[in-house]
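Have a look at the structure below, then the notes.
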Protein chains: 2
Amino acid sequence: MPRFTHPRLEDVPLDLALHALADPNRLAMVARLAATERLSCSDAAPCETIPKSTLSNHLKLLRAAGLIETTQVGREMINTLRRAEFDQRFPGLLDAVLANRPA
Amino acid sequence: MPRFTHPRLEDVPLDLALHALADPNRLAMVARLAATERLSCSDAAPCETIPKSTLSNHLKLLRAAGLIETTQVGREMINTLRRAEFDQRFPGLLDAVLANRPA
DNA sequence: TTCAAAAGTTCAAGAATGTCGAACTATTAA
DNA sequence: TTAATAGTTCGACATTCTTGAACTTTTGAA
């Protein structure tokens, strides 16, 4: 069973956070999580066509950037946005990015 | 003589802008331009050790992201931040990024 | 129980990007 | 005219990204 590691937010460099957000698919997932609270990996997916392995990799990057937390529930991996922690680490950043996201 | 092309800001996607900022060297250059108004390429460089070709490539990316404008003056290429235009296109984004930049 | 399907992860290979030395161009100063 | 300066461009190597295939764990059914 995969046991995920989540970084402390103070260990996340700005570059890594920006890089994680600088991808349309990942940003779409973050936006979805910002609106939906808890989502399985496949429910967080930005579209149907994205391969599972790619999706898994994107989520791994978002974890490494301190943006999401993943816990196993049954056979699903449940993802949530680490909103409060991220906002404390990078004040105003996620708000600005989400506000400028294309519809 | 190189004649640079600068995109209209409305043609710059958010992803490209974030990607341009998601690099420590490029972000350092943007921060420097935010503080200094006009800088030649070598003056905009984040450090002495960065190769010229790499520097040139970084600046090309910043141009493509609508972040800087480059004009030739003599044998120098003078760079300026397209601050007002960028801020209008992505309100609050650059402020948030710069505010969270490590010292 | 046992078996198959579901939900993801991991691995590896090919594709796409990034880095940087070397050669090149244009401009200025001597 | 020549040499130096300031960058760009090119090409090769390195790193990163994408994705199919195989694997692991959990659950639901027979």
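In the structure tokens, the first chain shown is A, the next is B, and so on; residue numbers restart at 1 for each chain, and ligands run from 1 in the order shown.
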
* **Distance filter 10 Å, only C-alpha atoms, chain A against chain B, as a VMD selection string** => chain A and resid 13 to 25 27 89 to 102

For the residues in that selection, give me C-alpha atoms as a PDB file, in the first residue's frame.
```pdb
ATOM      1  CA  PRO A  13      10.457  26.473  -2.186  1.00  0.00           C
ATOM      2  CA  LEU A  14       8.463  29.012  -4.162  1.00  0.00           C
ATOM      3  CA  ASP A  15       9.832  27.679  -7.434  1.00  0.00           C
ATOM      4  CA  LEU A  16       8.448  24.248  -6.763  1.00  0.00           C
ATOM      5  CA  ALA A  17       5.038  25.633  -5.906  1.00  0.00           C
ATOM      6  CA  LEU A  18       4.935  27.773  -9.041  1.00  0.00           C
ATOM      7  CA  HIS A  19       6.117  24.912 -11.173  1.00  0.00           C
ATOM      8  CA  ALA A  20       3.356  22.711  -9.810  1.00  0.00           C
ATOM      9  CA  LEU A  21       0.763  25.352 -10.685  1.00  0.00           C
ATOM     10  CA  ALA A  22       2.268  26.106 -14.094  1.00  0.00           C
ATOM     11  CA  ASP A  23       0.513  23.259 -15.828  1.00  0.00           C
ATOM     12  CA  PRO A  24      -3.053  23.477 -17.124  1.00  0.00           C
ATOM     13  CA  ASN A  25      -4.004  20.009 -15.980  1.00  0.00           C
ATOM     14  CA  LEU A  27      -4.053  23.792 -12.092  1.00  0.00           C
ATOM     15  CA  ARG A  89       3.337  29.729   3.550  1.00  0.00           C
ATOM     16  CA  PHE A  90       2.644  31.753   0.387  1.00  0.00           C
ATOM     17  CA  PRO A  91       0.117  34.461   1.283  1.00  0.00           C
ATOM     18  CA  GLY A  92      -2.077  35.539  -1.592  1.00  0.00           C
ATOM     19  CA  LEU A  93      -0.402  33.309  -4.134  1.00  0.00           C
ATOM     20  CA  LEU A  94      -3.021  30.641  -4.621  1.00  0.00           C
ATOM     21  CA  ASP A  95      -5.796  33.209  -4.594  1.00  0.00           C
ATOM     22  CA  ALA A  96      -4.061  35.208  -7.304  1.00  0.00           C
ATOM     23  CA  VAL A  97      -3.437  32.157  -9.436  1.00  0.00           C
ATOM     24  CA  LEU A  98      -6.954  30.789  -9.102  1.00  0.00           C
ATOM     25  CA  ALA A  99      -8.478  34.190  -9.752  1.00  0.00           C
ATOM     26  CA  ASN A 100      -6.565  34.431 -13.026  1.00  0.00           C
ATOM     27  CA  ARG A 101      -7.343  30.948 -14.182  1.00  0.00           C
ATOM     28  CA  PRO A 102      -9.099  30.753 -17.555  1.00  0.00           C
TER      29      PRO A 102
END
```

* Taking only C-alpha atoms (C1' of nucleotides) into account, which residues of chain B are within 10 Å of chain D, as number ranges by chain? -> B: 1-2, 40-42, 52-53, 55-57, 74-77

* To do: Identify, on the basis of only C-alpha atoms (C1' of nucleotides), every residue whose closest approach to region 3-9 of chain B does not exceed 7 Å; exclude the query and any residue fewer than 4 positions from it along the same chain; express the result as a PyMOL selection string.
  => chain B and resi 63-64+66+69-70+85-86+89

* When the cut-off is 9 Å and we count only C-alpha atoms (C1' of nucleotides), which residues of chain C are near chain A, given as a VMD selection string? -> chain C and resid 6 to 10

Next, the residues of the selection above should be written as a JSON list (two decimals), in the first residue's frame with C-alpha atoms (C1' of nucleotides).
```
[["chain", "number", "residue", "atom", "x", "y", "z"],
["C", 6, "DA", "C1'", -11.42, -1.32, -9.47],
["C", 7, "DA", "C1'", -8.10, 2.33, -8.14],
["C", 8, "DG", "C1'", -3.73, 3.68, -8.33],
["C", 9, "DT", "C1'", 1.41, 3.18, -8.26],
["C", 10, "DT", "C1'", 5.74, 2.03, -10.36]]
```

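Here the residues within chain A that DSSP labels strand (DSSP E or B) on the basis of the backbone are Arg38, Leu39, Ser40, Ile68, Glu69, Thr70, Thr71, Gln72, Val73, Glu76, Met77, Ile78, Asn79, Thr80 and Leu81 of chain A.
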
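CA of Ile68 (chain A) sits 21.9 Å away from CA of Ala103 (chain A).
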
* Please report, as a ChimeraX atom specification, each residue of region 49-100 of chain A to which DSSP assigns helix (DSSP H, G or I) when run on this structure's backbone. => /A:52-64,83-89,93-99

* To do: Go ahead and compute the interatomic distance for CA of Ala44 (chain A) and CA of Asn79 (chain A), in Å to one decimal.
  => 8.0 Å

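Across the model, the gap from CA of Pro46 (chain A) to C1' of DA5 (chain C) is 23.9 Å.
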